[in-house]
file work19.txt (compact mmCIF, C-alpha atoms)
# COMPACT_ATOMS: atom_id res chain seq x y z
CA MET T 1 4.92 -0.93 -14.88
CA ASN T 2 2.09 1.57 -14.22
CA LYS T 3 -0.67 -0.32 -16.04
CA TYR T 4 -3.33 1.87 -14.42
CA PRO T 5 -3.43 5.71 -14.41
CA LYS T 6 -3.12 7.92 -11.37
CA ILE T 7 -6.37 8.97 -9.74
CA GLU T 8 -6.23 12.52 -8.41
CA ILE T 9 -8.12 13.06 -5.17
CA THR T 10 -10.44 16.08 -4.93
CA LYS T 11 -11.00 18.26 -1.90
CA GLU T 12 -14.63 17.11 -1.78
CA GLU T 13 -13.59 13.45 -1.59
CA LEU T 14 -11.14 14.26 1.19
CA ILE T 15 -13.79 16.12 3.20
CA ARG T 16 -16.32 13.28 2.84
CA THR T 17 -13.80 10.71 4.06
CA ILE T 18 -12.71 12.85 6.99
CA TYR T 19 -16.38 13.31 7.92
CA PHE T 20 -16.71 9.50 8.12
CA ILE T 21 -13.52 9.28 10.20
CA LEU T 22 -14.84 11.92 12.60
CA MET T 23 -18.09 9.96 12.97
CA LYS T 24 -16.03 6.88 13.76
CA TYR T 25 -13.88 8.83 16.18
CA SER T 26 -16.96 10.02 18.05
CA SER T 27 -18.55 6.58 18.22
CA ASP T 28 -15.44 4.51 19.07
CA SER T 29 -14.74 4.80 22.79
CA LEU T 30 -11.78 2.40 22.80
CA HIS T 31 -9.26 4.85 21.35
CA MET T 32 -10.18 7.46 23.99
CA GLN T 33 -9.51 5.23 27.00
CA GLY T 34 -6.42 6.36 28.87
CA THR T 35 -5.41 2.76 29.59
CA SER T 36 -5.54 1.72 25.91
CA SER T 37 -2.38 1.50 23.80
CA LYS T 38 -4.53 2.64 20.86
CA ARG T 39 -5.44 5.98 22.46
CA ASP T 40 -5.48 8.62 19.72
CA LEU T 41 -6.03 12.32 19.42
CA VAL T 42 -8.12 13.12 16.37
CA GLY T 43 -5.12 13.93 14.13
CA GLY T 44 -3.57 10.51 14.62
CA PHE T 45 -6.96 8.86 14.17
CA ILE T 46 -7.48 10.60 10.82
CA GLU T 47 -4.02 9.49 9.67
CA ARG T 48 -4.77 5.90 10.67
CA TRP T 49 -8.07 5.72 8.78
CA LEU T 50 -7.43 7.95 5.75
CA ASN T 51 -6.79 4.98 3.45
CA LYS T 52 -10.56 4.50 3.53
CA LEU T 53 -10.48 7.15 0.81
CA ALA T 54 -8.93 4.62 -1.60
CA GLU T 55 -12.06 2.45 -1.76
CA THR T 56 -14.28 5.15 -3.26
CA ALA T 57 -11.60 6.75 -5.42
CA VAL T 58 -10.44 3.53 -7.08
CA PHE T 59 -13.87 1.96 -7.63
CA ASP T 60 -15.40 5.20 -8.93
CA SER T 61 -12.61 5.18 -11.51
CA LEU T 62 -12.89 1.48 -12.37
CA LEU T 63 -16.67 1.58 -12.73
CA GLN T 64 -17.03 4.99 -14.40
CA ASN T 65 -18.54 3.43 -17.55
CA LYS T 66 -20.89 1.12 -15.66
CA PRO T 67 -24.54 1.87 -14.80
CA TYR T 68 -23.79 1.20 -11.14
CA LYS T 69 -21.39 2.31 -8.40
CA ALA T 70 -19.67 0.31 -5.67
CA ILE T 71 -20.81 0.71 -2.06
CA PRO T 72 -17.90 0.81 0.44
CA ASP T 73 -18.44 -0.23 4.04
CA TYR T 74 -19.33 2.91 5.98
CA PHE T 75 -20.98 1.13 8.90
CA LEU T 76 -19.77 1.89 12.42
CA TYR T 77 -19.15 -1.11 14.68
CA ASN T 78 -18.77 -1.53 18.41
CA ASN T 79 -15.66 -3.19 19.75
CA GLU T 80 -17.35 -6.56 20.26
CA SER T 81 -18.16 -6.98 16.56
CA GLU T 82 -16.17 -9.48 14.52
CA LYS T 83 -13.80 -7.87 12.01
CA ASN T 84 -14.89 -9.86 8.96
CA ALA T 85 -16.57 -7.19 6.82
CA PRO T 86 -15.45 -6.95 3.19
CA ASP T 87 -14.55 -3.45 1.98
CA ILE T 88 -17.18 -3.42 -0.78
CA LEU T 89 -20.69 -4.28 0.41
CA GLY T 90 -22.42 -4.27 -2.99
CA VAL T 91 -23.37 -2.04 -5.93
CA LYS T 92 -26.20 0.40 -6.62
CA ASP T 93 -27.79 2.53 -9.35
CA ASN T 94 -30.60 5.06 -9.22
CA ARG T 95 -33.25 2.34 -8.90
CA LYS T 96 -31.85 -0.47 -6.80
CA THR T 97 -29.18 -1.60 -4.37
CA VAL T 98 -27.65 -5.05 -4.88
CA PRO T 99 -25.91 -6.44 -1.76
CA PHE T 100 -22.89 -8.73 -2.05
CA VAL T 101 -23.08 -9.44 1.70
CA GLN T 102 -25.58 -9.01 4.52
CA TYR T 103 -25.02 -8.49 8.23
CA ASN T 104 -26.45 -11.27 10.39
CA ASP T 105 -26.07 -10.85 14.16
CA GLY T 106 -22.39 -10.04 14.22
CA ARG T 107 -21.18 -11.60 10.97
CA TRP T 108 -21.22 -10.63 7.32
CA GLU T 109 -22.64 -13.43 5.16
CA THR T 110 -22.07 -13.67 1.40
CA VAL T 111 -25.22 -13.37 -0.74
CA SER T 112 -25.56 -16.06 -3.43
CA ASN T 113 -21.90 -16.46 -4.42
CA SER T 114 -21.30 -12.72 -4.69
CA PRO T 115 -17.67 -11.52 -4.68
CA ARG T 116 -15.94 -10.51 -1.46
CA VAL T 117 -13.44 -7.68 -1.90
CA GLU T 118 -10.56 -6.47 0.28
CA VAL T 119 -8.88 -3.13 -0.53
CA LYS T 120 -5.36 -2.48 0.74
CA ALA T 121 -3.70 0.91 0.28
CA LEU T 122 0.10 1.01 0.36
CA ARG T 123 2.30 4.10 0.49
CA LYS T 124 4.36 4.87 -2.62
CA ASP T 125 7.56 4.53 -0.57
CA GLN T 126 6.41 1.28 1.06
CA TYR T 127 8.53 -1.74 0.11
CA LEU T 128 6.31 -4.61 1.16
CA LEU T 129 2.69 -5.67 0.98
CA GLY T 130 1.17 -8.07 3.42
CA ILE T 131 -2.08 -9.79 4.29
CA ARG T 132 -2.71 -11.32 7.69
CA GLN T 133 -3.97 -14.87 7.72
CA PRO T 134 -7.37 -13.94 9.27
CA GLN T 135 -7.96 -11.65 6.26
CA MET T 136 -7.50 -14.50 3.79
CA ILE T 137 -11.24 -15.06 3.43
CA ASP T 138 -12.00 -12.83 0.45
CA ASP T 139 -12.20 -13.53 -3.29
CA TYR T 140 -10.39 -10.42 -4.58
CA TYR T 141 -7.60 -8.33 -3.08
CA VAL T 142 -7.31 -4.85 -4.57
CA PHE T 143 -3.85 -3.33 -4.01
CA VAL T 144 -3.64 0.45 -4.31
CA GLU T 145 -0.56 2.68 -4.16
CA SER T 146 -1.11 5.98 -2.34
CA ASP T 147 0.91 9.11 -3.03
CA LEU T 148 -0.61 11.77 -0.78
CA SER T 149 0.86 15.20 -0.19
CA PRO T 150 2.54 15.37 3.24
CA ASP T 151 0.49 18.48 4.03
CA TYR T 152 -2.81 17.26 2.51
CA LEU T 153 -4.77 18.01 5.68
CA THR T 154 -4.06 21.75 5.44
CA MET T 155 -6.31 21.93 2.38
CA ILE T 156 -9.37 21.97 4.64
CA PHE T 157 -7.99 24.36 7.26
CA GLU T 158 -9.63 27.78 7.53
CA ASP T 159 -7.76 30.67 5.92
CA GLU T 160 -7.39 32.21 9.36
CA VAL T 161 -4.80 29.53 10.20
CA PHE T 162 -2.49 30.99 7.54
CA SER T 163 -3.01 34.63 8.55
CA GLU T 164 0.00 36.96 8.51
CA LYS T 165 -0.84 38.06 12.06
CA ASN T 166 -0.01 34.56 13.33
CA LEU T 167 3.43 34.74 11.76
CA GLU T 168 4.08 38.14 13.33
CA SER T 169 2.91 37.01 16.76
CA LEU T 170 5.32 34.04 16.75
CA LYS T 171 8.46 35.97 15.85
CA VAL T 172 10.98 36.00 18.71
CA ASP T 173 12.92 39.17 19.53
CA PRO T 174 16.53 38.89 18.26
CA VAL T 175 17.70 40.24 21.60
CA PHE T 176 17.75 36.60 22.73
CA ILE T 177 20.46 35.74 20.18
CA LYS T 178 23.99 36.55 21.29
CA SER T 179 25.68 34.67 18.43
CA ASP T 180 24.64 32.19 15.73
CA LYS T 181 27.78 31.56 13.67
CA ASN T 182 26.47 28.21 12.38
CA SER T 183 23.10 29.65 11.29
CA SER T 184 21.29 27.14 13.48
CA ILE T 185 18.26 29.35 13.96
CA ILE T 186 15.93 29.37 10.97
CA SER T 187 13.98 32.44 9.96
CA PRO T 188 10.20 31.98 10.33
CA VAL T 189 8.48 30.81 7.18
CA LYS T 190 4.82 31.44 6.48
CA PRO T 191 3.05 28.09 5.95
CA LYS T 192 0.87 27.57 2.88
CA LYS T 193 -2.37 25.71 2.38
CA ALA T 194 -1.97 22.51 0.32
CA GLU T 195 -3.06 22.86 -3.30
CA ILE T 196 -3.50 19.12 -3.95
CA VAL T 197 -4.50 16.13 -1.83
CA GLY T 198 -2.48 13.62 -3.81
CA SER T 199 -3.32 10.54 -5.81
CA PHE T 200 -3.96 6.80 -5.80
CA ARG T 201 -2.90 4.24 -8.39
CA LEU T 202 -4.36 0.78 -8.76
CA ILE T 203 -1.52 -1.75 -8.65
CA GLY T 204 -3.81 -4.64 -9.51
CA THR T 205 -6.49 -7.01 -8.30
CA TYR T 206 -5.52 -10.52 -7.26
CA THR T 207 -7.41 -13.65 -6.27
CA LYS T 208 -6.69 -15.51 -3.07
CA ASP T 209 -4.93 -18.23 -5.08
CA GLN T 210 -2.63 -15.62 -6.63
CA ILE T 211 -1.88 -14.19 -3.19
CA LEU T 212 -0.94 -17.63 -1.87
CA GLU T 213 1.15 -18.44 -4.95
CA ASN T 214 3.13 -15.19 -5.04
CA THR T 215 3.71 -14.38 -1.39
CA VAL T 216 5.69 -16.00 1.40
CA SER T 217 3.84 -17.11 4.51
CA CYS T 218 5.66 -15.89 7.61
CA LYS T 219 5.01 -17.12 11.13
CA PRO T 220 4.95 -14.68 14.07
CA LYS T 221 8.24 -12.76 14.51
CA VAL T 222 9.79 -14.31 11.37
CA SER T 223 11.84 -11.64 9.52
CA PRO T 224 12.23 -12.34 5.78
CA ARG T 225 14.74 -10.68 3.46
CA TYR T 226 13.60 -8.50 0.57
CA VAL T 227 15.12 -6.42 -2.23
CA LYS T 228 16.14 -3.12 -0.66
CA SER T 229 18.09 -1.80 -3.66
CA VAL T 230 19.32 -2.76 -7.12
CA SER T 231 22.27 -1.09 -8.83
CA ASN T 232 24.83 -1.51 -11.58
CA VAL T 233 28.40 -1.87 -10.28
CA ASP T 234 31.73 -1.65 -12.11
CA LYS T 235 33.18 -4.91 -10.80
CA VAL T 236 32.69 -7.76 -8.37
CA THR T 237 35.49 -8.67 -5.98
CA LYS T 238 36.10 -12.30 -4.96
CA SER T 239 33.60 -13.62 -7.45
CA GLN T 240 32.67 -17.31 -7.58
CA LYS T 241 32.17 -19.76 -10.40
CA PRO T 242 29.28 -18.37 -12.54
CA GLU T 243 25.95 -20.12 -12.03
CA LYS T 244 23.09 -19.79 -14.50
CA ILE T 245 20.21 -17.90 -12.93
CA LYS T 246 16.86 -19.69 -12.74
CA VAL T 247 13.82 -17.49 -13.40
CA SER T 248 10.30 -18.82 -13.96
CA ASP T 249 7.46 -16.55 -15.13
CA ASN T 250 9.62 -13.49 -14.30
CA LYS T 251 10.05 -14.76 -10.73
CA PHE T 252 13.47 -15.38 -9.16
CA ILE T 253 13.42 -17.33 -5.88
CA TYR T 254 16.71 -16.73 -4.08
CA LYS T 255 17.89 -19.18 -1.41
CA LYS T 256 20.81 -18.95 1.00
CA GLY T 257 21.11 -20.89 4.22
CA ASP T 258 18.05 -20.96 6.44
CA GLU T 259 17.02 -17.38 5.59
CA ILE T 260 13.57 -16.67 4.13
CA TYR T 261 13.55 -14.51 0.98
CA LEU T 262 10.66 -12.80 -0.76
CA PRO T 263 10.34 -13.41 -4.53
CA ILE T 264 12.28 -11.10 -6.87
CA SER T 265 10.88 -10.07 -10.26
CA ILE T 266 13.27 -10.13 -13.23
CA GLU T 267 12.10 -9.20 -16.74
CA GLY T 268 14.16 -9.47 -19.93
CA ASP T 269 16.41 -11.88 -21.82
CA ILE T 270 18.24 -13.92 -19.14
CA LYS T 271 19.85 -16.51 -21.44
CA LYS T 272 23.28 -15.17 -20.56
CA THR T 273 22.64 -13.99 -17.01
CA PHE T 274 24.72 -15.60 -14.26
CA ILE T 275 25.08 -15.41 -10.48
CA VAL T 276 28.75 -14.52 -9.88
CA LYS T 277 28.66 -13.88 -6.13
CA GLU T 278 26.16 -14.51 -3.37
CA ASN T 279 25.71 -14.27 0.38
CA LYS T 280 22.84 -13.78 2.82
CA GLY T 281 22.67 -10.04 2.29
CA SER T 282 23.30 -9.67 -1.44
CA VAL T 283 23.55 -11.41 -4.79
CA PHE T 284 25.61 -10.23 -7.78
CA LEU T 285 24.62 -10.93 -11.37
CA LYS T 286 26.44 -10.62 -14.68
CA THR T 287 24.31 -10.12 -17.79
CA ASP T 288 24.69 -9.09 -21.42
CA LYS T 289 21.17 -7.63 -21.72
CA ILE T 290 19.08 -4.85 -20.23
CA LEU T 291 16.99 -6.27 -17.39
CA SER T 292 14.19 -4.93 -15.22
CA ILE T 293 14.60 -6.06 -11.62
CA ASN T 294 11.69 -5.23 -9.32
CA ASN T 295 10.60 -2.66 -11.91
CA LYS T 296 14.02 -0.96 -12.02
CA LYS T 297 15.93 -0.83 -15.31
CA MET T 298 19.42 -2.34 -15.12
CA LEU T 299 22.11 -2.03 -17.82
CA PRO T 300 24.27 -4.92 -19.11
CA GLY T 301 27.24 -5.74 -16.92
CA PHE T 302 27.38 -6.42 -13.19
CA ILE T 303 24.29 -5.93 -11.02
CA LYS T 304 24.15 -5.88 -7.23
CA ILE T 305 20.88 -6.85 -5.52
CA GLU T 306 20.90 -5.85 -1.85
CA LEU T 307 18.72 -8.06 0.33
CA ALA T 308 17.79 -6.39 3.61
CA GLN T 309 16.05 -8.12 6.49
CA PHE T 310 12.58 -6.84 7.34
CA ASP T 311 12.50 -6.42 11.11
CA ARG T 312 9.18 -8.03 11.88
CA SER T 313 7.95 -8.35 15.46
CA SER T 314 4.32 -9.15 14.54
CA ASN T 315 2.48 -11.72 16.60
CA TRP T 316 0.44 -13.05 13.69
CA ASP T 317 0.85 -15.17 10.55
CA GLU T 318 1.16 -13.00 7.45
CA ASN T 319 1.65 -13.44 3.70
CA LEU T 320 4.31 -11.01 2.43
CA ALA T 321 5.71 -9.90 -0.94
CA VAL T 322 7.71 -7.02 -2.37
CA LYS T 323 5.15 -4.47 -3.57
CA ASN T 324 6.69 -3.41 -6.88
CA SER T 325 7.51 -6.97 -7.95
CA PHE T 326 4.08 -8.41 -7.23
CA GLU T 327 2.41 -6.68 -10.17
CA VAL T 328 5.03 -8.21 -12.50
CA PHE T 329 4.57 -11.91 -11.85
CA ALA T 330 1.10 -12.11 -10.29
CA LYS T 331 -1.94 -12.39 -12.56
CA ASP T 332 -4.14 -9.29 -12.49
CA SER T 333 -7.83 -10.16 -12.05
CA THR T 334 -9.35 -6.67 -12.20
CA ASP T 335 -11.40 -7.49 -15.31
CA LYS T 336 -12.51 -10.77 -13.75
CA MET T 337 -13.68 -8.94 -10.61
CA ILE T 338 -15.68 -6.38 -12.62
CA LYS T 339 -17.33 -9.19 -14.60
CA ALA T 340 -18.33 -10.75 -11.28
CA PHE T 341 -19.86 -7.38 -10.30
CA ASP T 342 -21.75 -7.29 -13.64
CA LYS T 343 -23.10 -10.79 -13.12
CA VAL T 344 -24.50 -10.04 -9.67
CA TYR T 345 -25.91 -6.68 -10.77
CA LYS T 346 -27.82 -8.23 -13.70
CA ARG T 347 -29.38 -11.20 -11.96
call {"tool": "encode", "arguments": {"input": "work19.txt", "output": "C-alpha cells"}}
result
Amino acid sequence: MNKYPKIEITKEELIRTIYFILMKYSSDSLHMQGTSSKRDLVGGFIERWLNKLAETAVFDSLLQNKPYKAIPDYFLYNNESEKNAPDILGVKDNRKTVPFVQYNDGRWETVSNSPRVEVKALRKDQYLLGIRQPQMIDDYYVFVESDLSPDYLTMIFEDEVFSEKNLESLKVDPVFIKSDKNSSIISPVKPKKAEIVGSFRLIGTYTKDQILENTVSCKPKVSPRYVKSVSNVDKVTKSQKPEKIKVSDNKFIYKKGDEIYLPISIEGDIKKTFIVKENKGSVFLKTDKILSINNKKMLPGFIKIELAQFDRSSNWDENLAVKNSFEVFAKDSTDKMIKAFDKVYKR
C-alpha cells in the first residue's frame, strides 16, 4: 500500500543513536552480569536498541512543516524503574518545551490529557506485529517498517579496518591445500564500508481501540496461524462445495476447528469469490476478479492461502496481527495524532 514515503537514514543520525546506546550500555549494569541471560557484548546491545533510531527519523519527517519537533525519551533508567515511559515525551521549539508527560518518583504521569505515544519498529521481512498487554496504556501506536542495510554498522568504522594490509595478512598459504575439487574454499574478498544505513517507512498510526479491534489477543504460549504465503495455482484437487467468502471492511476472518487465526486482508470485488477447499493449514479460493490479499496482487482463478502456525513460547498476553494486512483494514490516525500534538503545543 505504501501510503507513506521511505525515510532515508543519514550517517549523522546513526552516529547520534549509537552514542545514546553506548551511554545506555555504560550505565546499565544488568547486561554485563555474568549470571544474567541478557548479558550482551556491545555489538549485540547496539543491535537490540537500534530501533530507537525510528523515533527521531519518523517524527522529524512527520513534523517537518511544524514549528516544533518531537522529543523522544533519551533518559537512562536503573533496573528498578517501572517500564511505563511513552516513546515521545513532548514537543519543543526554539523558545519552549511542552511536556506530554512528567516523571514522578518512578512513574510517568500524563500532563493535562496530552497524548501518549508508543513507537514500534518492525523489520521489512517481519510477518507479524504484536503489542504486549502491559504496553496497552498509550493513546497512539506508531508502527514503522525498518529496512536497514545488513552491514549498516560498517559505515562508522575507521578506514583502517578496510586496509589492504589486513587482507594480505589474512591470506593462508596454498601449501595447506592438497585438493579442492568441489571449490569449497572461497578466495578472500576485501570487505567494503557500507554506503547507506537504510530506511524507515511509516506503516501507520493506530489508536488503542483500533489495536484491540484489529488484532487477536493471545494468552501465554498460544500459537496462532497467519498468512505465510499467497499464490495463484492452476487447479485444486479434491475440492468441496463452493462457499461464498465473507469479507467485512476488507477483513476476512478464517475459522477452522479450535485453531486461532489472525485476520486476513482482502481487497477487490469479491461478489464471485468462493472458498473451494479448506483445512487447518490452507484455504483455496476461486475468483473471477483481481484481488489483493495481504497486499499481494492475485490474478483471477484459483488462489492458495497458506496458513502457518507461529511458534510462540511467550509467557505474556499479547495482541497480534499480520503486519502487511493491518494497514489495509485498520484506521490510520496519524493526522489525528498530529492534531493532538498541535493542540497541546498551542495551549
call {"tool": "residues_around", "arguments": {"input": "work19.txt", "residues": "Ser333 (chain T)", "least_positions_apart": "6", "cutoff": "12 Å", "atoms": "all atoms listed in the file", "output": "list in words"}}
result
Val117, Asp139, Tyr140, Tyr141, Val142, Phe143, Leu202, Ile203, Gly204, Thr205, Tyr206, Thr207, Lys208, Asp209, Gln210, Ile211, Glu327, Lys339 and Ala340 of chain T
call {"tool": "atom_distance", "arguments": {"input": "work19.txt", "atom1": "CA of Ser163 (chain T)", "atom2": "CA of Glu47 (chain T)"}}
result
25.2 Å
call {"tool": "residues_near_point", "arguments": {"input": "work19.txt", "point": "(27.1, -12.0, 1.0)", "cutoff": "12 Å", "atoms": "all atoms listed in the file", "output": "PyMOL selection string"}}
result
chain T and resi 236-240+255-257+276-284+304-308
call {"tool": "closest_residue", "arguments": {"input": "work19.txt", "among": "T:Ser187, T:Thr110, T:Val328, T:Lys24", "to": "Asn79 (chain T)", "atoms": "only C-alpha atoms"}}
result
T:Lys24
call {"tool": "closest_residue", "arguments": {"input": "work19.txt", "among": "T:Asp138, T:Glu267, T:Glu195, T:Glu8", "to": "Val58 (chain T)", "atoms": "all atoms listed in the file"}}
result
T:Glu8
call {"tool": "residues_around", "arguments": {"input": "work19.txt", "residues": "Ser248 (chain T)", "least_positions_apart": "5", "cutoff": "10 Å", "atoms": "only C-alpha atoms", "output": "ChimeraX atom specification"}}
result
/T:253,265-266,329
call {"tool": "write_last_selection", "arguments": {"input": "work19.txt", "atoms": "C-alpha atoms", "output": "tab-separated table (two decimals), in the coordinates of the input"}}
result
chain	number	residue	atom	x	y	z
T	253	ILE	CA	13.42	-17.33	-5.88
T	265	SER	CA	10.88	-10.07	-10.26
T	266	ILE	CA	13.27	-10.13	-13.23
T	329	PHE	CA	4.57	-11.91	-11.85
call {"tool": "atom_distance", "arguments": {"input": "work19.txt", "atom1": "CA of Tyr68 (chain T)", "atom2": "CA of Phe100 (chain T)"}}
result
13.5 Å
call {"tool": "atom_distance", "arguments": {"input": "work19.txt", "atom1": "CA of Arg123 (chain T)", "atom2": "CA of Glu145 (chain T)"}}
result
5.6 Å
call {"tool": "closest_residue", "arguments": {"input": "work19.txt", "among": "T:Phe59, T:Met155, T:Val189, T:Asn166", "to": "Leu14 (chain T)", "atoms": "only C-alpha atoms"}}
result
T:Met155
call {"tool": "residues_around", "arguments": {"input": "work19.txt", "residues": "Tyr127 (chain T)", "least_positions_apart": "2", "cutoff": "10 Å", "atoms": "all atoms listed in the file", "output": "PDB file with C-alpha atoms, in the frame of the given file"}}
result
ATOM      1  CA  LEU T 122       0.100   1.010   0.360  1.00  0.00           C
ATOM      2  CA  ARG T 123       2.300   4.100   0.490  1.00  0.00           C
ATOM      3  CA  LYS T 124       4.360   4.870  -2.620  1.00  0.00           C
ATOM      4  CA  ASP T 125       7.560   4.530  -0.570  1.00  0.00           C
ATOM      5  CA  LEU T 129       2.690  -5.670   0.980  1.00  0.00           C
ATOM      6  CA  TYR T 226      13.600  -8.500   0.570  1.00  0.00           C
ATOM      7  CA  VAL T 227      15.120  -6.420  -2.230  1.00  0.00           C
ATOM      8  CA  LYS T 228      16.140  -3.120  -0.660  1.00  0.00           C
ATOM      9  CA  PHE T 310      12.580  -6.840   7.340  1.00  0.00           C
ATOM     10  CA  ALA T 321       5.710  -9.900  -0.940  1.00  0.00           C
ATOM     11  CA  VAL T 322       7.710  -7.020  -2.370  1.00  0.00           C
ATOM     12  CA  LYS T 323       5.150  -4.470  -3.570  1.00  0.00           C
ATOM     13  CA  ASN T 324       6.690  -3.410  -6.880  1.00  0.00           C
ATOM     14  CA  SER T 325       7.510  -6.970  -7.950  1.00  0.00           C
TER      15      SER T 325
END
call {"tool": "closest_residue", "arguments": {"input": "work19.txt", "among": "T:Ile275, T:Leu62, T:Ala194, T:Leu53", "to": "Ile156 (chain T)", "atoms": "only C-alpha atoms"}}
result
T:Ala194
call {"tool": "decode", "arguments": {"input": "work19.txt", "residues": "region 190-201 of chain T", "atoms": "N, CA and C atoms", "output": "PDB file, in the first residue's frame"}}
result
ATOM      1  N   LYS T 190      37.870  -8.602  -0.227  1.00  0.00           N
ATOM      2  CA  LYS T 190      38.068  -7.391   0.562  1.00  0.00           C
ATOM      3  C   LYS T 190      36.717  -6.783   0.937  1.00  0.00           C
ATOM      4  N   PRO T 191      36.435  -6.633   2.233  1.00  0.00           N
ATOM      5  CA  PRO T 191      35.155  -6.034   2.650  1.00  0.00           C
ATOM      6  C   PRO T 191      35.102  -4.552   2.308  1.00  0.00           C
ATOM      7  N   LYS T 192      33.878  -4.044   2.159  1.00  0.00           N
ATOM      8  CA  LYS T 192      33.674  -2.634   1.827  1.00  0.00           C
ATOM      9  C   LYS T 192      32.836  -1.957   2.909  1.00  0.00           C
ATOM     10  N   LYS T 193      33.098  -0.680   3.076  1.00  0.00           N
ATOM     11  CA  LYS T 193      32.315   0.121   4.014  1.00  0.00           C
ATOM     12  C   LYS T 193      30.930   0.367   3.422  1.00  0.00           C
ATOM     13  N   ALA T 194      29.889   0.268   4.257  1.00  0.00           N
ATOM     14  CA  ALA T 194      28.518   0.495   3.791  1.00  0.00           C
ATOM     15  C   ALA T 194      28.361   1.915   3.271  1.00  0.00           C
ATOM     16  N   GLU T 195      27.614   2.052   2.187  1.00  0.00           N
ATOM     17  CA  GLU T 195      27.375   3.379   1.613  1.00  0.00           C
ATOM     18  C   GLU T 195      26.070   3.988   2.105  1.00  0.00           C
ATOM     19  N   ILE T 196      25.134   3.152   2.551  1.00  0.00           N
ATOM     20  CA  ILE T 196      23.859   3.644   3.082  1.00  0.00           C
ATOM     21  C   ILE T 196      23.537   2.926   4.384  1.00  0.00           C
ATOM     22  N   VAL T 197      22.796   3.597   5.249  1.00  0.00           N
ATOM     23  CA  VAL T 197      22.335   2.982   6.502  1.00  0.00           C
ATOM     24  C   VAL T 197      21.086   2.156   6.233  1.00  0.00           C
ATOM     25  N   GLY T 198      20.189   2.698   5.430  1.00  0.00           N
ATOM     26  CA  GLY T 198      18.914   2.046   5.165  1.00  0.00           C
ATOM     27  C   GLY T 198      17.784   3.048   5.344  1.00  0.00           C
ATOM     28  N   SER T 199      16.590   2.543   5.524  1.00  0.00           N
ATOM     29  CA  SER T 199      15.443   3.440   5.583  1.00  0.00           C
ATOM     30  C   SER T 199      14.378   2.932   6.545  1.00  0.00           C
ATOM     31  N   PHE T 200      13.477   3.842   6.893  1.00  0.00           N
ATOM     32  CA  PHE T 200      12.260   3.518   7.635  1.00  0.00           C
ATOM     33  C   PHE T 200      11.063   3.948   6.801  1.00  0.00           C
ATOM     34  N   ARG T 201       9.938   3.296   7.023  1.00  0.00           N
ATOM     35  CA  ARG T 201       8.682   3.704   6.394  1.00  0.00           C
ATOM     36  C   ARG T 201       7.576   3.623   7.426  1.00  0.00           C
TER      37      ARG T 201
END
